[in-house]
Amino acid sequence: MAHYKAQGTRRVWLPAAVFGLFALAICGRLVQLQVFEHGNYAKQAEQELLGDDVIYARRGSILDRNGGVLATSVDTWDVYVNPRAWKDDAVALKASQDLAPFLKADPLEIRATVREAGQADARVMHDLSYDKGIELIKKGIPGVVTLANTSRVNPEGDVGASIVGFTGTDNTGRAGIEGAYNEALQGTAGRAVYERDTTGDPIPYGQHRTIEPKPGEDLVLTIDRYLQQLAEQRLAAAIKEHRAKGGSIIVMDPATGEILALATSPSLKFSTLQDDLSRNDPDALAILRNRAVTDLYEPGSVMKIVTAAAAIDAGVVGPDTTYVDTGEVYIENVRLTNWDYSTYGLQSMTGVLENSINTGAVFMQQKLGTKLFQSYLDRFGFGKATGVDLQGEATGIFRRPQDDGYSPVDVATQSFGQSISVTPIQLMQAVAAAINGGNLITPHLVKAHIKADGTRTDVAPQIVSRAISPQTSDTIRMMLGKVVGQDPDGWGRNPSKYTAGGKSGTANVPVWGSYNDETQIASFIGFAPLDDPRILVLVKLDQNADLMTGTQAAGPIFAHFADDALRYLSVKPEKTDAAVSR
Amino acid sequence: MAAINHPLGQRRHGIPIPASGGGRVGFGLAGAIILAAVGALAPVLSNSLATSRGFDLQASEAQETQLNGQISVLESDVASLTSLQRIERRAREIGLQPIDDPIYVTVSEPGPAPAKLPAEYLPRATASQPAPAPWWKPFVDWLP
């Protein structure tokens, strides 16, 4: 059998070459796609095939010291409408009418919102309640999409709002504890990666990887919601009574630095927050700052507590050391007088505090000398932030010899609370050190962290340094007890049921470098019981139009508050004869 | 077309079937067919089962999400019900009044048991069911 070998002709080779080249090109392209660009295309395919969702972590709750809830999160729904599904007017009409009762809105408005959104999904409701959202999902209205969200609720209403703060629409803390502890509260978001079908739903038993979200921590505050409410009520009443522009009542445990209540006015309120934020008014936005830590003022005669503590601790005077008050003292030819322009004659250091004598404070400062006196101001924490766990804390200022424009008059007036600016919280820290045995302690608002698994970590009180000796502290406490004891009947500035100590301050507000008698800050800082203080209370009224002094305006508020707060804290009354033993 | 050279074209052989023992062959064949059918159906059934379980799983996950949502709503409700304003309102509703001047009594004996919750907040009492009789009890009763 003869075999013929095919002869290569152009008719054979040409198509063969064309097909060969074509095959080569295909092979080359395959190599390019599958070898060289494999990673890129694999990634694209994965993106096409895989769904990727962020799983938001549950934001932790904020509790008061007894477990009362001040802020917590609830699941809600954001409701969107897909405009393409509402292209048909009849469908849109029916769907909007079905949707309207859930949103409590007019169907016409809903359709207008969807039309305005153009091609994008239109958000027609933010934070629909969880139960309503479930009902809406079950109803299956065409084009309506619900996305899970969370909303912050504050069961106590406006109580403690300026401390708690608020979150933005992205669930990030913007002010107060919500802002300062955002990281701890927010937790860590998780992630779900899954294979999805053409409708975007996960394919059962498809590839599914989940990184579980880590829920945020619950925070237990040092705040007591009852005392906070009491402080806010008393402050509001006092502002009204004395026609003040604002004020603060701060309550602290002087031994631990735990802040039990912190009321300021004006301040943030949840009930008016939306309106306040929507107004583009700087005064309205000023409520976002917590004035107890951000605003500076001259403390006035309250500062004499620190001056006396420094002088006694340094051993330059004792409580019974005497001097003669002539009603005035000259520093570099500048005349400094007493607050009431009176002359008190022979006075002890206790008398200086009892009568709030400015020349007596200057006497103690001069005994100390500028350097030692200002070193005590440093020891008491003035001129630097306390470290309280709220945002935007001011450091305070006092002029030192090395500063431009310094005059010896500055240090003399610092002794009775002028030429020195402090925050209310800074003053609380300093006076707490003066009466708690001498420890400068960091004021704080968070008592404990509770993780999602229930593990509780308590925040230990942080002692910064020792300001004065325990003996000096005892002496100062007794001297301040005598100040309050000048009001034997109680409620002038003396609680009727408990022993107490304290000091008033009435400071004129400096306006463009001089003092104006028409604008003042009246304050009283006091503590009770005298021997073992459980609470330290600062009452401060800003620019009270009735021009009553700190003793007259703020003293009675302290006295009433101390009685009520200590009764609430189950402290046995010391002065009443109503206690019955059996 | 006739020029196509078919290598098996000259003789066709059927499947060799042994002449004897035809019944055994029939069973073997049937067994093989059943095995093949089961083999073919098994992945289908397995896939069907997997899909069904997958939907069950999705439903369970949705239920879990829903229950978590309800828990958060209930927690929020509890928080609202224990708020100061609500407690004060409820106290006034049941006739309690704020006191001006409490009397403190110091006693040397242990205090009373903690106050019980008002009945309305307690779980509804259920009638106690008698314990079921053991399974062998009727037999014992039946004995003379």
# chains A, B, ... in the order shown; residues from 1 in each chain; ligands from 1
>>> residues_around(residues="Ala394 (chain A)", least_positions_apart="4", cutoff="7 Å", atoms="only C-alpha atoms", output="count of residues only")
5
>>> residues_around(residues="Ala244 (chain A)", least_positions_apart="6", cutoff="12 Å", atoms="only C-alpha atoms", output="PyMOL selection string")
chain A and resi 235-238+265-266+519-523+540-548+553-554
>>> interface_residues(of="chain B", to="chain A", cutoff="8 Å", atoms="only C-alpha atoms", output="PyMOL selection string")
chain B and resi 50-51+53-55+58+69-70+72-73+76+79-80+82-85+103-108
>>> select_by_dssp(residues="region 292-536 of chain A", states="alpha helix (DSSP H)", output="PyMOL selection string")
chain A and resi 292-294+304-313+349-355+358-368+370-379+408-414+424-435+470-485
>>> residues_around(residues="Pro408 (chain A)", least_positions_apart="4", cutoff="8 Å", atoms="only C-alpha atoms", output="list in words")
Ile331, Glu332, Pro401 and Ala412 of chain A
>>> write_last_selection(atoms="N, CA and C atoms", output="mmCIF file, in the first residue's frame")
data_model
loop_
_atom_site.group_PDB
_atom_site.id
_atom_site.type_symbol
_atom_site.label_atom_id
_atom_site.label_comp_id
_atom_site.auth_asym_id
_atom_site.auth_seq_id
_atom_site.Cartn_x
_atom_site.Cartn_y
_atom_site.Cartn_z
ATOM 1 N N ILE A 331 1.965 97.610 98.601
ATOM 2 C CA ILE A 331 2.997 96.824 97.908
ATOM 3 C C ILE A 331 3.445 97.649 96.714
ATOM 4 N N GLU A 332 4.723 98.049 96.713
ATOM 5 C CA GLU A 332 5.241 98.887 95.630
ATOM 6 C C GLU A 332 4.314 100.079 95.388
ATOM 7 N N PRO A 401 7.690 85.568 88.849
ATOM 8 C CA PRO A 401 8.665 86.661 88.717
ATOM 9 C C PRO A 401 9.344 86.695 87.345
ATOM 10 N N ALA A 412 1.230 89.208 95.832
ATOM 11 C CA ALA A 412 0.460 89.595 97.021
ATOM 12 C C ALA A 412 -1.028 89.360 96.796
#
>>> select_by_dssp(residues="region 308-459 of chain A", states="strand (DSSP E)", output="PyMOL selection string")
chain A and resi 322-325+328-331+334-337+345-348+397-398+420-421+439-441+446-450+456-458
>>> write_last_selection(atoms="N, CA, C and O atoms", output="tab-separated table (two decimals), in the first residue's frame")
chain	number	residue	atom	x	y	z
A	322	THR	N	-0.72	86.02	115.61
A	322	THR	CA	-1.50	87.26	115.47
A	322	THR	C	-0.73	88.32	114.68
A	322	THR	O	0.50	88.27	114.55
A	323	TYR	N	-1.49	89.27	114.15
A	323	TYR	CA	-0.93	90.45	113.49
A	323	TYR	C	-2.00	91.53	113.61
A	323	TYR	O	-3.14	91.26	113.98
A	324	VAL	N	-1.63	92.76	113.32
A	324	VAL	CA	-2.58	93.86	113.45
A	324	VAL	C	-3.02	94.31	112.05
A	324	VAL	O	-2.18	94.69	111.22
A	325	ASP	N	-4.29	94.22	111.83
A	325	ASP	CA	-4.85	94.65	110.54
A	325	ASP	C	-5.16	96.14	110.60
A	325	ASP	O	-5.88	96.59	111.48
A	328	GLU	N	-5.37	98.14	105.40
A	328	GLU	CA	-4.72	98.32	104.11
A	328	GLU	C	-3.26	97.87	104.18
A	328	GLU	O	-2.69	97.78	105.27
A	329	VAL	N	-2.72	97.57	103.02
A	329	VAL	CA	-1.30	97.23	102.95
A	329	VAL	C	-0.79	97.76	101.60
A	329	VAL	O	-1.51	97.73	100.59
A	330	TYR	N	0.44	98.31	101.63
A	330	TYR	CA	1.01	98.88	100.40
A	330	TYR	C	2.08	97.94	99.86
A	330	TYR	O	2.99	97.53	100.58
A	331	ILE	N	1.97	97.61	98.60
A	331	ILE	CA	3.00	96.82	97.91
A	331	ILE	C	3.45	97.65	96.71
A	331	ILE	O	2.62	97.95	95.84
A	334	VAL	N	1.31	100.38	95.79
A	334	VAL	CA	-0.06	100.04	95.39
A	334	VAL	C	-0.83	99.67	96.65
A	334	VAL	O	-0.38	98.83	97.43
A	335	ARG	N	-1.97	100.32	96.88
A	335	ARG	CA	-2.74	100.10	98.11
A	335	ARG	C	-3.69	98.93	97.94
A	335	ARG	O	-4.50	98.90	97.01
A	336	LEU	N	-3.54	97.95	98.81
A	336	LEU	CA	-4.46	96.80	98.80
A	336	LEU	C	-5.30	96.90	100.07
A	336	LEU	O	-4.77	97.10	101.16
A	337	THR	N	-6.62	96.75	99.93
A	337	THR	CA	-7.52	96.90	101.08
A	337	THR	C	-8.29	95.60	101.32
A	337	THR	O	-8.21	94.67	100.52
A	345	GLY	N	-8.12	95.20	113.22
A	345	GLY	CA	-7.23	95.26	114.38
A	345	GLY	C	-6.46	93.96	114.58
A	345	GLY	O	-6.07	93.30	113.61
A	346	LEU	N	-6.27	93.60	115.87
A	346	LEU	CA	-5.49	92.40	116.18
A	346	LEU	C	-6.28	91.15	115.77
A	346	LEU	O	-7.41	90.96	116.20
A	347	GLN	N	-5.63	90.35	114.96
A	347	GLN	CA	-6.31	89.16	114.43
A	347	GLN	C	-5.38	87.95	114.44
A	347	GLN	O	-4.18	88.09	114.18
A	348	SER	N	-5.97	86.79	114.71
A	348	SER	CA	-5.20	85.54	114.55
A	348	SER	C	-5.36	85.07	113.11
A	348	SER	O	-6.18	85.61	112.35
A	397	ILE	N	-3.61	79.88	85.10
A	397	ILE	CA	-2.41	80.72	84.98
A	397	ILE	C	-2.18	81.49	86.28
A	397	ILE	O	-3.15	81.92	86.91
A	398	PHE	N	-0.93	81.65	86.64
A	398	PHE	CA	-0.59	82.68	87.63
A	398	PHE	C	0.79	83.23	87.27
A	398	PHE	O	1.64	82.50	86.78
A	420	ILE	N	-4.72	85.31	89.69
A	420	ILE	CA	-4.53	83.87	89.48
A	420	ILE	C	-5.86	83.33	88.90
A	420	ILE	O	-6.93	83.67	89.37
A	421	SER	N	-5.72	82.58	87.83
A	421	SER	CA	-6.91	82.01	87.20
A	421	SER	C	-6.90	80.50	87.38
A	421	SER	O	-5.87	79.85	87.15
A	439	ASN	N	-2.98	65.10	100.54
A	439	ASN	CA	-2.69	64.44	99.27
A	439	ASN	C	-3.34	65.17	98.09
A	439	ASN	O	-4.55	65.37	98.07
A	440	LEU	N	-2.50	65.53	97.11
A	440	LEU	CA	-3.04	66.09	95.87
A	440	LEU	C	-3.47	64.90	95.03
A	440	LEU	O	-2.66	64.04	94.67
A	441	ILE	N	-4.74	64.83	94.76
A	441	ILE	CA	-5.30	63.64	94.13
A	441	ILE	C	-6.00	64.03	92.82
A	441	ILE	O	-6.57	65.11	92.73
A	446	VAL	N	-14.47	58.36	86.08
A	446	VAL	CA	-14.71	56.94	85.76
A	446	VAL	C	-14.23	56.08	86.93
A	446	VAL	O	-13.08	56.17	87.34
A	447	LYS	N	-15.16	55.27	87.43
A	447	LYS	CA	-14.86	54.46	88.61
A	447	LYS	C	-14.41	53.05	88.21
A	447	LYS	O	-13.59	52.44	88.87
A	448	ALA	N	-14.98	52.54	87.11
A	448	ALA	CA	-14.62	51.17	86.70
A	448	ALA	C	-14.95	50.96	85.23
A	448	ALA	O	-15.78	51.65	84.65
A	449	HIS	N	-14.24	49.98	84.66
A	449	HIS	CA	-14.53	49.53	83.29
A	449	HIS	C	-15.08	48.11	83.40
A	449	HIS	O	-14.54	47.30	84.14
A	450	ILE	N	-16.14	47.82	82.64
A	450	ILE	CA	-16.66	46.45	82.63
A	450	ILE	C	-16.61	45.94	81.20
A	450	ILE	O	-17.22	46.53	80.29
A	456	ARG	N	-14.67	43.21	85.60
A	456	ARG	CA	-14.70	44.60	86.06
A	456	ARG	C	-13.31	45.02	86.52
A	456	ARG	O	-12.66	44.32	87.28
A	457	THR	N	-12.86	46.16	86.02
A	457	THR	CA	-11.57	46.71	86.45
A	457	THR	C	-11.83	48.06	87.10
A	457	THR	O	-12.28	49.00	86.45
A	458	ASP	N	-11.56	48.13	88.39
A	458	ASP	CA	-11.79	49.39	89.11
A	458	ASP	C	-10.64	50.36	88.87
A	458	ASP	O	-9.48	49.95	88.73
>>> atom_distance(atom1="CA of Gln233 (chain A)", atom2="CA of Ala263 (chain A)")
9.0 Å
>>> atom_distance(atom1="CA of Glu48 (chain A)", atom2="CA of Arg196 (chain A)")
8.7 Å
